$ cat final10.cif   # mmCIF, C-alpha atoms and all ligand atoms; chains and numbers go by the auth columns
data_final
loop_
_atom_site.group_PDB
_atom_site.id
_atom_site.type_symbol
_atom_site.label_atom_id
_atom_site.label_comp_id
_atom_site.label_asym_id
_atom_site.label_seq_id
_atom_site.Cartn_x
_atom_site.Cartn_y
_atom_site.Cartn_z
_atom_site.B_iso_or_equiv
_atom_site.auth_seq_id
_atom_site.auth_asym_id
ATOM 1 C CA MET A 1 70.872 79.774 34.535 0.00 289 F
ATOM 2 C CA SER A 2 71.878 77.666 31.614 0.00 290 F
ATOM 3 C CA VAL A 3 74.757 77.206 29.226 0.00 291 F
ATOM 4 C CA ARG A 4 73.754 78.182 25.693 0.00 292 F
ATOM 5 C CA PRO A 5 75.512 76.725 22.647 0.00 293 F
ATOM 6 C CA VAL A 6 78.155 79.043 21.201 0.00 294 F
ATOM 7 C CA ARG A 7 77.544 79.815 17.532 0.00 295 F
ATOM 8 C CA ILE A 8 80.397 78.927 15.209 0.00 296 F
ATOM 9 C CA PHE A 9 81.882 80.681 12.148 0.00 297 F
ATOM 10 C CA GLY A 10 79.432 80.378 9.276 0.00 298 F
ATOM 11 C CA ASP A 11 76.370 81.018 11.455 0.00 299 F
ATOM 12 C CA PRO A 12 74.661 84.118 10.014 0.00 300 F
ATOM 13 C CA VAL A 13 73.924 85.608 13.460 0.00 301 F
ATOM 14 C CA LEU A 14 77.666 86.261 13.825 0.00 302 F
ATOM 15 C CA ARG A 15 77.404 88.588 10.821 0.00 303 F
ATOM 16 C CA GLU A 16 74.426 90.551 12.110 0.00 304 F
ATOM 17 C CA ARG A 17 74.756 94.053 13.472 0.00 305 F
ATOM 18 C CA ALA A 18 73.181 93.628 16.897 0.00 306 F
ATOM 19 C CA ARG A 19 70.295 95.910 17.895 0.00 307 F
ATOM 20 C CA GLU A 20 70.369 98.369 20.799 0.00 308 F
ATOM 21 C CA VAL A 21 68.960 96.969 24.023 0.00 309 F
ATOM 22 C CA THR A 22 65.814 98.986 24.756 0.00 310 F
ATOM 23 C CA SER A 23 64.877 97.587 28.158 0.00 311 F
ATOM 24 C CA VAL A 24 67.161 96.381 30.939 0.00 312 F
ATOM 25 C CA ASP A 25 64.759 93.948 32.586 0.00 313 F
ATOM 26 C CA ASP A 26 64.734 90.467 34.123 0.00 314 F
ATOM 27 C CA THR A 27 64.784 88.808 30.695 0.00 315 F
ATOM 28 C CA LEU A 28 67.983 90.674 29.870 0.00 316 F
ATOM 29 C CA ARG A 29 69.500 89.853 33.266 0.00 317 F
ATOM 30 C CA GLN A 30 68.741 86.183 32.610 0.00 318 F
ATOM 31 C CA LEU A 31 70.600 86.479 29.324 0.00 319 F
ATOM 32 C CA VAL A 32 73.568 88.070 31.143 0.00 320 F
ATOM 33 C CA ALA A 33 73.572 85.203 33.672 0.00 321 F
ATOM 34 C CA ASP A 34 73.421 82.617 30.871 0.00 322 F
ATOM 35 C CA MET A 35 76.226 84.333 28.968 0.00 323 F
ATOM 36 C CA ARG A 36 78.437 84.313 32.060 0.00 324 F
ATOM 37 C CA GLU A 37 77.720 80.641 32.635 0.00 325 F
ATOM 38 C CA THR A 38 78.350 79.845 28.971 0.00 326 F
ATOM 39 C CA MET A 39 81.627 81.796 28.951 0.00 327 F
ATOM 40 C CA GLN A 40 82.781 79.878 31.994 0.00 328 F
ATOM 41 C CA ALA A 41 81.681 76.488 30.634 0.00 329 F
ATOM 42 C CA TYR A 42 83.594 77.096 27.405 0.00 330 F
ATOM 43 C CA GLY A 43 86.667 78.408 29.227 0.00 331 F
ATOM 44 C CA GLY A 44 86.345 81.826 27.591 0.00 332 F
ATOM 45 C CA VAL A 45 87.190 85.256 28.990 0.00 333 F
ATOM 46 C CA GLY A 46 84.671 87.257 26.958 0.00 334 F
ATOM 47 C CA LEU A 47 81.408 86.711 25.095 0.00 335 F
ATOM 48 C CA ALA A 48 79.086 88.831 22.958 0.00 336 F
ATOM 49 C CA ALA A 49 75.342 88.135 22.762 0.00 337 F
ATOM 50 C CA ASN A 50 75.524 87.258 19.030 0.00 338 F
ATOM 51 C CA GLN A 51 77.738 84.343 20.008 0.00 339 F
ATOM 52 C CA VAL A 52 74.776 82.718 21.752 0.00 340 F
ATOM 53 C CA GLY A 53 72.416 83.660 18.921 0.00 341 F
ATOM 54 C CA VAL A 54 70.944 86.866 20.364 0.00 342 F
ATOM 55 C CA ALA A 55 71.572 89.925 18.183 0.00 343 F
ATOM 56 C CA GLN A 56 71.445 92.496 20.986 0.00 344 F
ATOM 57 C CA ARG A 57 74.178 94.907 22.019 0.00 345 F
ATOM 58 C CA LEU A 58 75.427 93.160 25.120 0.00 346 F
ATOM 59 C CA LEU A 59 78.806 91.706 26.098 0.00 347 F
ATOM 60 C CA VAL A 60 80.412 90.136 29.134 0.00 348 F
ATOM 61 C CA VAL A 61 84.088 89.819 30.047 0.00 349 F
ATOM 62 C CA ASP A 62 85.864 88.011 32.855 0.00 350 F
ATOM 63 C CA VAL A 63 89.569 88.712 32.426 0.00 351 F
ATOM 64 C CA PRO A 64 92.341 88.104 34.976 0.00 352 F
ATOM 65 C CA VAL A 65 94.063 91.471 35.397 0.00 353 F
ATOM 66 C CA GLU A 66 96.598 90.569 38.055 0.00 354 F
ATOM 67 C CA GLU A 67 97.188 87.749 40.466 0.00 355 F
ATOM 68 C CA ASP A 68 93.910 86.893 42.242 0.00 356 F
ATOM 69 C CA ALA A 69 92.038 89.764 40.593 0.00 357 F
ATOM 70 C CA ARG A 70 89.643 89.558 37.676 0.00 358 F
ATOM 71 C CA ALA A 71 87.804 92.250 35.765 0.00 359 F
ATOM 72 C CA ARG A 72 84.206 91.150 35.394 0.00 360 F
ATOM 73 C CA HIS A 73 81.825 93.362 33.473 0.00 361 F
ATOM 74 C CA ALA A 74 78.520 93.159 31.665 0.00 362 F
ATOM 75 C CA LEU A 75 78.212 96.047 29.216 0.00 363 F
ATOM 76 C CA ILE A 76 74.965 96.947 27.480 0.00 364 F
ATOM 77 C CA ASN A 77 74.905 99.236 24.424 0.00 365 F
ATOM 78 C CA PRO A 78 78.652 99.966 24.723 0.00 366 F
ATOM 79 C CA VAL A 79 80.072 102.958 22.858 0.00 367 F
ATOM 80 C CA VAL A 80 83.766 103.855 22.570 0.00 368 F
ATOM 81 C CA LYS A 81 84.340 107.453 23.695 0.00 369 F
ATOM 82 C CA ARG A 82 88.116 107.587 23.396 0.00 370 F
ATOM 83 C CA ARG A 83 90.866 105.308 22.228 0.00 371 F
ATOM 84 C CA GLY A 84 94.629 105.576 22.261 0.00 372 F
ATOM 85 C CA GLY A 85 97.773 103.726 21.274 0.00 373 F
ATOM 86 C CA SER A 86 98.092 100.703 19.072 0.00 374 F
ATOM 87 C CA VAL A 87 99.303 97.241 20.005 0.00 375 F
ATOM 88 C CA SER A 88 99.438 93.819 18.409 0.00 376 F
ATOM 89 C CA GLY A 89 98.577 90.704 20.392 0.00 377 F
ATOM 90 C CA GLU A 90 97.287 87.179 20.005 0.00 378 F
ATOM 91 C CA GLU A 91 93.544 86.503 19.983 0.00 379 F
ATOM 92 C CA GLY A 92 91.341 83.474 19.847 0.00 380 F
ATOM 93 C CA CYS A 93 87.567 83.354 19.543 0.00 381 F
ATOM 94 C CA LEU A 94 85.055 80.829 20.891 0.00 382 F
ATOM 95 C CA SER A 95 83.190 81.192 17.591 0.00 383 F
ATOM 96 C CA VAL A 96 86.328 80.535 15.512 0.00 384 F
ATOM 97 C CA PRO A 97 87.790 77.621 17.462 0.00 385 F
ATOM 98 C CA GLY A 98 91.307 76.425 16.775 0.00 386 F
ATOM 99 C CA LEU A 99 92.686 79.662 15.318 0.00 387 F
ATOM 100 C CA TRP A 100 95.004 82.038 17.211 0.00 388 F
ATOM 101 C CA GLU A 101 96.319 85.080 15.393 0.00 389 F
ATOM 102 C CA ASP A 102 97.884 88.450 16.145 0.00 390 F
ATOM 103 C CA VAL A 103 95.502 91.387 15.781 0.00 391 F
ATOM 104 C CA THR A 104 96.362 95.094 16.064 0.00 392 F
ATOM 105 C CA ARG A 105 94.012 97.059 18.315 0.00 393 F
ATOM 106 C CA ALA A 106 93.907 100.254 20.367 0.00 394 F
ATOM 107 C CA GLU A 107 96.008 99.948 23.503 0.00 395 F
ATOM 108 C CA ARG A 108 93.473 101.651 25.765 0.00 396 F
ATOM 109 C CA LEU A 109 89.950 102.943 25.503 0.00 397 F
ATOM 110 C CA VAL A 110 87.123 104.586 27.400 0.00 398 F
ATOM 111 C CA VAL A 111 83.684 103.031 26.901 0.00 399 F
ATOM 112 C CA THR A 112 80.243 104.152 28.040 0.00 400 F
ATOM 113 C CA GLY A 113 77.211 101.918 28.353 0.00 401 F
ATOM 114 C CA LEU A 114 74.816 100.463 30.886 0.00 402 F
ATOM 115 C CA ASP A 115 75.323 97.762 33.468 0.00 403 F
ATOM 116 C CA GLU A 116 72.798 94.977 34.071 0.00 404 F
ATOM 117 C CA GLU A 117 70.891 97.197 36.513 0.00 405 F
ATOM 118 C CA GLY A 118 70.486 99.853 33.836 0.00 406 F
ATOM 119 C CA ARG A 119 72.973 102.269 35.418 0.00 407 F
ATOM 120 C CA THR A 120 75.183 104.375 33.171 0.00 408 F
ATOM 121 C CA LEU A 121 78.833 103.342 33.198 0.00 409 F
ATOM 122 C CA GLU A 122 81.988 104.986 31.949 0.00 410 F
ATOM 123 C CA LEU A 123 84.936 102.613 32.140 0.00 411 F
ATOM 124 C CA ALA A 124 88.596 102.878 31.131 0.00 412 F
ATOM 125 C CA PHE A 125 90.266 99.711 29.859 0.00 413 F
ATOM 126 C CA GLU A 126 93.866 98.874 29.048 0.00 414 F
ATOM 127 C CA GLY A 127 96.019 95.850 28.338 0.00 415 F
ATOM 128 C CA TYR A 128 94.387 92.549 27.485 0.00 416 F
ATOM 129 C CA LEU A 129 91.081 93.784 28.912 0.00 417 F
ATOM 130 C CA ALA A 130 90.987 96.606 26.309 0.00 418 F
ATOM 131 C CA ARG A 131 91.630 93.966 23.629 0.00 419 F
ATOM 132 C CA ALA A 132 88.814 91.777 24.939 0.00 420 F
ATOM 133 C CA ILE A 133 86.318 94.662 24.964 0.00 421 F
ATOM 134 C CA GLN A 134 87.222 95.622 21.380 0.00 422 F
ATOM 135 C CA HIS A 135 86.933 92.010 20.228 0.00 423 F
ATOM 136 C CA GLU A 136 83.444 91.699 21.777 0.00 424 F
ATOM 137 C CA MET A 137 82.320 95.089 20.432 0.00 425 F
ATOM 138 C CA ASP A 138 83.368 93.918 16.956 0.00 426 F
ATOM 139 C CA HIS A 139 81.055 90.920 17.419 0.00 427 F
ATOM 140 C CA LEU A 140 78.168 93.325 18.045 0.00 428 F
ATOM 141 C CA ASP A 141 78.865 94.834 14.611 0.00 429 F
ATOM 142 C CA GLY A 142 79.063 91.436 12.930 0.00 430 F
ATOM 143 C CA VAL A 143 82.863 91.626 12.690 0.00 431 F
ATOM 144 C CA LEU A 144 85.148 88.692 13.552 0.00 432 F
ATOM 145 C CA PHE A 145 88.839 88.918 14.439 0.00 433 F
ATOM 146 C CA VAL A 146 89.797 87.076 11.275 0.00 434 F
ATOM 147 C CA ASP A 147 88.335 90.028 9.311 0.00 435 F
ATOM 148 C CA ARG A 148 91.089 92.178 10.805 0.00 436 F
ATOM 149 C CA LEU A 149 93.931 90.029 9.433 0.00 437 F
ATOM 150 C CA SER A 150 95.782 90.806 6.220 0.00 438 F
ATOM 151 C CA PRO A 151 94.266 89.417 2.980 0.00 439 F
ATOM 152 C CA LEU A 152 97.287 87.105 2.685 0.00 440 F
ATOM 153 C CA LYS A 153 96.779 85.766 6.191 0.00 441 F
ATOM 154 C CA ARG A 154 93.052 85.272 5.567 0.00 442 F
ATOM 155 C CA GLN A 155 93.877 83.393 2.387 0.00 443 F
ATOM 156 C CA PHE A 156 96.166 81.160 4.408 0.00 444 F
ATOM 157 C CA LEU A 157 93.329 80.432 6.867 0.00 445 F
ATOM 158 C CA ARG A 158 90.665 79.955 4.209 0.00 446 F
ATOM 159 C CA ARG A 159 90.655 76.171 4.384 0.00 447 F
ATOM 160 C CA SER A 160 90.268 76.157 8.188 0.00 448 F
ATOM 161 C CA LEU A 161 87.472 78.741 8.019 0.00 449 F
ATOM 162 C CA ASP A 162 85.647 76.826 5.278 0.00 450 F
ATOM 163 C CA ALA A 163 85.847 73.695 7.428 0.00 451 F
ATOM 164 C CA LEU A 164 84.348 75.546 10.403 0.00 452 F
ATOM 165 C CA ALA A 165 81.567 76.890 8.194 0.00 453 F
ATOM 166 C CA ARG A 166 80.790 73.302 7.161 0.00 454 F
ATOM 167 C CA GLY A 167 80.450 72.370 10.827 0.00 455 F
ATOM 168 C CA GLU A 168 83.776 70.556 11.177 0.00 456 F
ATOM 169 C CA LEU A 169 85.205 71.479 14.555 0.00 457 F
ATOM 170 C CA PRO A 170 88.937 71.091 15.158 0.00 458 F
ATOM 171 C CA GLU A 171 90.384 68.608 17.625 0.00 459 F
ATOM 172 C CA GLY A 172 90.238 69.843 21.190 0.00 460 F
ATOM 173 C CA HIS A 173 87.433 72.282 20.387 0.00 461 F
ATOM 174 C CA ARG A 174 87.031 73.074 24.064 0.00 462 F
ATOM 175 C CA PRO A 175 90.201 74.836 25.169 0.00 463 F
ATOM 176 C CA PRO A 176 92.061 73.516 28.203 0.00 464 F
ATOM 177 C CA PRO A 177 91.434 75.552 31.366 0.00 465 F
ATOM 178 C CA GLU A 178 94.912 77.061 31.337 0.00 466 F
ATOM 179 C CA ARG A 179 93.976 79.028 28.185 0.00 467 F
ATOM 180 C CA GLY A 180 91.173 80.696 30.102 0.00 468 F
ATOM 181 C CA GLY A 181 93.417 83.536 31.280 0.00 469 F
ATOM 182 C CA PRO A 182 94.659 86.546 29.348 0.00 470 F
ATOM 183 C CA GLY A 183 94.996 85.122 25.901 0.00 471 F
ATOM 184 C CA GLY A 184 91.890 83.009 26.485 0.00 472 F
ATOM 185 C CA GLN A 185 89.179 82.857 23.874 0.00 473 F
ATOM 186 C CA LEU A 186 86.782 85.757 23.383 0.00 474 F
HETATM 187 ZN ZN ZN B . 85.007 86.164 19.638 0.00 501 F
#

$ encode --input "final10.cif" --output "structure tokens"
Amino acid sequence: MSVRPVRIFGDPVLRERAREVTSVDDTLRQLVADMRETMQAYGGVGLAANQVGVAQRLLVVDVPVEEDARARHALINPVVKRRGGSVSGEEGCLSVPGLWEDVTRAERLVVTGLDEEGRTLELAFEGYLARAIQHEMDHLDGVLFVDRLSPLKRQFLRRSLDALARGELPEGHRPPPERGGPGGQL
């Protein structure tokens, strides 16, 4: 396993629509293992394959759901089957370091896909976990959370985003471990 560098705002791979995974094989499982290790090393709670430069439809999450329990999933070719409710909450992104903003998302959703053994999954998500899954699925479509903010808010962030695109990372780029819970970067 190895930690792969997380791509930062301005990298074109973050704007690619990732391709369907066609074969769940050892190469893909290696990628899953690397993504989990990378997510952990960066203190994140979710990661999409584009964020490590691989435009394939694959995401991982590792979200604390209650005391001493975490929801850990690898989802390949995820598709939303149902969604319900609407809720606003704060998000941060490993690829857009230093920015934390409220984003409105579905409150709960049902997603189908494959696990890393190629088995079909149908999973129901709610709370912060539902937010994390939607954030990562956006990545697979080349969408970043800042795209979901109001034009006024985006205008306000323009200078920070331009700086990231130039390769200037903010102070404390790596988040402290205590942000690695719900509300951690995705
Ligand atoms: Zn993200």

$ residues_around --input "final10.cif" --residues "range 374-382 of chain F" --least-positions-apart "6" --cutoff "7 Å" --atoms "all atoms listed in the file" --output "MDAnalysis selection string"
chainID F and resid 332 388:395 471:474

$ write_last_selection --input "final10.cif" --atoms "C-alpha atoms" --output "CSV table (one decimal), in the frame of the given file"
chain,number,residue,atom,x,y,z
F,332,GLY,CA,86.3,81.8,27.6
F,388,TRP,CA,95.0,82.0,17.2
F,389,GLU,CA,96.3,85.1,15.4
F,390,ASP,CA,97.9,88.4,16.1
F,391,VAL,CA,95.5,91.4,15.8
F,392,THR,CA,96.4,95.1,16.1
F,393,ARG,CA,94.0,97.1,18.3
F,394,ALA,CA,93.9,100.3,20.4
F,395,GLU,CA,96.0,99.9,23.5
F,471,GLY,CA,95.0,85.1,25.9
F,472,GLY,CA,91.9,83.0,26.5
F,473,GLN,CA,89.2,82.9,23.9
F,474,LEU,CA,86.8,85.8,23.4

$ residues_near_ligand --input "final10.cif" --ligand "ligand ZN 501 (chain F)" --cutoff "12 Å" --atoms "only C-alpha atoms and all ligand atoms" --output "MDAnalysis selection string"
chainID F and resid 294:297 302:303 327 332:340 347:349 379:388 419:435 471:474

$ closest_residue --input "final10.cif" --among "F:Val368, F:Ala359, F:Ala453, F:Leu445" --to "Gly415 in chain F" --atoms "only C-alpha atoms"
F:Ala359

$ atom_distance --input "final10.cif" --atom1 "CA of Leu440 in chain F" --atom2 "CA of Arg305 in chain F"
25.9 Å

$ closest_residue --input "final10.cif" --among "F:Ser290, F:Gln344, F:Gln318, F:Gln328" --to "Ala306 in chain F" --atoms "only C-alpha atoms"
F:Gln344

$ residues_around --input "final10.cif" --residues "Val291 in chain F" --least-positions-apart "3" --cutoff "6 Å" --atoms "only C-alpha atoms" --output "ChimeraX atom specification"
/F:322,325-326

$ residues_near_point --input "final10.cif" --point "(69.9, 90.6, 35.4)" --cutoff "12 Å" --atoms "only C-alpha atoms" --output "PyMOL selection string"
chain F and resi 289+311-324+346+362-364+402-406

$ atom_distance --input "final10.cif" --atom1 "CA of Asp356 in chain F" --atom2 "CA of Leu417 in chain F"
15.3 Å

$ closest_residue --input "final10.cif" --among "F:Gly372, F:Gly341, F:Pro293, F:Pro366" --to "Gly401 in chain F" --atoms "all atoms listed in the file"
F:Pro366

$ closest_residue --input "final10.cif" --among "F:Ser438, F:Thr400, F:Thr408, F:Ser448" --to "Gly298 in chain F" --atoms "only C-alpha atoms"
F:Ser448

$ atom_distance --input "final10.cif" --atom1 "CA of Phe413 in chain F" --atom2 "CA of Val398 in chain F"
6.3 Å

$ build_atoms --input "final10.cif" --residues "range 350-361 of chain F" --atoms "all heavy atoms" --output "PDB file, keeping the file's coordinate frame"
ATOM      1  N   ASP F 350      85.371  88.488  31.562  1.00  0.00           N
ATOM      2  CA  ASP F 350      85.864  88.011  32.855  1.00  0.00           C
ATOM      3  C   ASP F 350      87.348  87.713  32.640  1.00  0.00           C
ATOM      4  O   ASP F 350      87.733  86.604  32.304  1.00  0.00           O
ATOM      5  CB  ASP F 350      85.096  86.757  33.279  1.00  0.00           C
ATOM      6  CG  ASP F 350      85.505  86.268  34.665  1.00  0.00           C
ATOM      7  OD1 ASP F 350      86.502  86.786  35.211  1.00  0.00           O
ATOM      8  OD2 ASP F 350      84.841  85.359  35.181  1.00  0.00           O
ATOM      9  N   VAL F 351      88.151  88.761  32.817  1.00  0.00           N
ATOM     10  CA  VAL F 351      89.569  88.712  32.426  1.00  0.00           C
ATOM     11  C   VAL F 351      90.441  88.843  33.669  1.00  0.00           C
ATOM     12  O   VAL F 351      90.266  89.777  34.450  1.00  0.00           O
ATOM     13  CB  VAL F 351      89.885  89.867  31.440  1.00  0.00           C
ATOM     14  CG1 VAL F 351      91.384  89.957  31.173  1.00  0.00           C
ATOM     15  CG2 VAL F 351      89.128  89.688  30.126  1.00  0.00           C
ATOM     16  N   PRO F 352      91.389  87.916  33.872  1.00  0.00           N
ATOM     17  CA  PRO F 352      92.341  88.104  34.976  1.00  0.00           C
ATOM     18  C   PRO F 352      93.213  89.321  34.692  1.00  0.00           C
ATOM     19  O   PRO F 352      93.795  89.424  33.607  1.00  0.00           O
ATOM     20  CB  PRO F 352      93.177  86.820  34.971  1.00  0.00           C
ATOM     21  CG  PRO F 352      92.683  85.980  33.855  1.00  0.00           C
ATOM     22  CD  PRO F 352      91.672  86.729  33.070  1.00  0.00           C
ATOM     23  N   VAL F 353      93.275  90.256  35.621  1.00  0.00           N
ATOM     24  CA  VAL F 353      94.063  91.471  35.397  1.00  0.00           C
ATOM     25  C   VAL F 353      95.355  91.462  36.194  1.00  0.00           C
ATOM     26  O   VAL F 353      96.321  92.088  35.831  1.00  0.00           O
ATOM     27  CB  VAL F 353      93.248  92.753  35.676  1.00  0.00           C
ATOM     28  CG1 VAL F 353      92.280  93.005  34.524  1.00  0.00           C
ATOM     29  CG2 VAL F 353      92.490  92.672  36.982  1.00  0.00           C
ATOM     30  N   GLU F 354      95.355  90.818  37.331  1.00  0.00           N
ATOM     31  CA  GLU F 354      96.598  90.569  38.055  1.00  0.00           C
ATOM     32  C   GLU F 354      96.343  89.340  38.918  1.00  0.00           C
ATOM     33  O   GLU F 354      95.259  88.777  38.881  1.00  0.00           O
ATOM     34  CB  GLU F 354      97.016  91.776  38.894  1.00  0.00           C
ATOM     35  CG  GLU F 354      95.915  92.303  39.780  1.00  0.00           C
ATOM     36  CD  GLU F 354      96.258  93.686  40.332  1.00  0.00           C
ATOM     37  OE1 GLU F 354      95.952  94.684  39.668  1.00  0.00           O
ATOM     38  OE2 GLU F 354      96.826  93.726  41.423  1.00  0.00           O
ATOM     39  N   GLU F 355      97.344  88.940  39.661  1.00  0.00           N
ATOM     40  CA  GLU F 355      97.188  87.749  40.466  1.00  0.00           C
ATOM     41  C   GLU F 355      95.982  87.886  41.398  1.00  0.00           C
ATOM     42  O   GLU F 355      95.862  88.878  42.119  1.00  0.00           O
ATOM     43  CB  GLU F 355      98.468  87.504  41.279  1.00  0.00           C
ATOM     44  CG  GLU F 355      98.738  86.024  41.460  1.00  0.00           C
ATOM     45  CD  GLU F 355     100.127  85.781  42.020  1.00  0.00           C
ATOM     46  OE1 GLU F 355     101.011  86.607  41.746  1.00  0.00           O
ATOM     47  OE2 GLU F 355     100.307  84.781  42.711  1.00  0.00           O
ATOM     48  N   ASP F 356      95.083  86.927  41.362  1.00  0.00           N
ATOM     49  CA  ASP F 356      93.910  86.893  42.242  1.00  0.00           C
ATOM     50  C   ASP F 356      92.892  87.992  41.977  1.00  0.00           C
ATOM     51  O   ASP F 356      91.990  88.201  42.785  1.00  0.00           O
ATOM     52  CB  ASP F 356      94.318  86.965  43.734  1.00  0.00           C
ATOM     53  CG  ASP F 356      95.168  85.766  44.127  1.00  0.00           C
ATOM     54  OD1 ASP F 356      94.997  84.705  43.502  1.00  0.00           O
ATOM     55  OD2 ASP F 356      96.006  85.905  45.027  1.00  0.00           O
ATOM     56  N   ALA F 357      93.041  88.740  40.895  1.00  0.00           N
ATOM     57  CA  ALA F 357      92.038  89.764  40.593  1.00  0.00           C
ATOM     58  C   ALA F 357      91.535  89.570  39.169  1.00  0.00           C
ATOM     59  O   ALA F 357      92.310  89.284  38.259  1.00  0.00           O
ATOM     60  CB  ALA F 357      92.636  91.151  40.753  1.00  0.00           C
ATOM     61  N   ARG F 358      90.228  89.687  39.005  1.00  0.00           N
ATOM     62  CA  ARG F 358      89.643  89.558  37.676  1.00  0.00           C
ATOM     63  C   ARG F 358      88.765  90.770  37.414  1.00  0.00           C
ATOM     64  O   ARG F 358      88.167  91.321  38.332  1.00  0.00           O
ATOM     65  CB  ARG F 358      88.787  88.287  37.582  1.00  0.00           C
ATOM     66  CG  ARG F 358      89.562  86.998  37.895  1.00  0.00           C
ATOM     67  CD  ARG F 358      88.678  85.776  37.690  1.00  0.00           C
ATOM     68  NE  ARG F 358      88.431  85.484  36.293  1.00  0.00           N
ATOM     69  CZ  ARG F 358      89.224  84.706  35.555  1.00  0.00           C
ATOM     70  NH1 ARG F 358      90.298  84.159  36.074  1.00  0.00           N
ATOM     71  NH2 ARG F 358      88.944  84.471  34.291  1.00  0.00           N
ATOM     72  N   ALA F 359      88.718  91.183  36.168  1.00  0.00           N
ATOM     73  CA  ALA F 359      87.804  92.250  35.765  1.00  0.00           C
ATOM     74  C   ALA F 359      86.577  91.586  35.169  1.00  0.00           C
ATOM     75  O   ALA F 359      86.651  90.926  34.134  1.00  0.00           O
ATOM     76  CB  ALA F 359      88.483  93.158  34.741  1.00  0.00           C
ATOM     77  N   ARG F 360      85.458  91.743  35.865  1.00  0.00           N
ATOM     78  CA  ARG F 360      84.206  91.150  35.394  1.00  0.00           C
ATOM     79  C   ARG F 360      83.230  92.276  35.086  1.00  0.00           C
ATOM     80  O   ARG F 360      82.923  93.088  35.956  1.00  0.00           O
ATOM     81  CB  ARG F 360      83.601  90.262  36.485  1.00  0.00           C
ATOM     82  CG  ARG F 360      84.422  89.037  36.821  1.00  0.00           C
ATOM     83  CD  ARG F 360      83.634  88.111  37.739  1.00  0.00           C
ATOM     84  NE  ARG F 360      84.344  86.863  37.945  1.00  0.00           N
ATOM     85  CZ  ARG F 360      85.121  86.612  39.012  1.00  0.00           C
ATOM     86  NH1 ARG F 360      85.251  87.528  39.956  1.00  0.00           N
ATOM     87  NH2 ARG F 360      85.735  85.458  39.133  1.00  0.00           N
ATOM     88  N   HIS F 361      82.774  92.323  33.854  1.00  0.00           N
ATOM     89  CA  HIS F 361      81.825  93.362  33.473  1.00  0.00           C
ATOM     90  C   HIS F 361      80.756  92.787  32.563  1.00  0.00           C
ATOM     91  O   HIS F 361      81.038  91.897  31.750  1.00  0.00           O
ATOM     92  CB  HIS F 361      82.531  94.489  32.696  1.00  0.00           C
ATOM     93  CG  HIS F 361      83.573  95.213  33.486  1.00  0.00           C
ATOM     94  ND1 HIS F 361      83.270  96.113  34.487  1.00  0.00           N
ATOM     95  CD2 HIS F 361      84.923  95.168  33.417  1.00  0.00           C
ATOM     96  CE1 HIS F 361      84.389  96.586  35.005  1.00  0.00           C
ATOM     97  NE2 HIS F 361      85.414  96.028  34.385  1.00  0.00           N
TER      98      HIS F 361
END
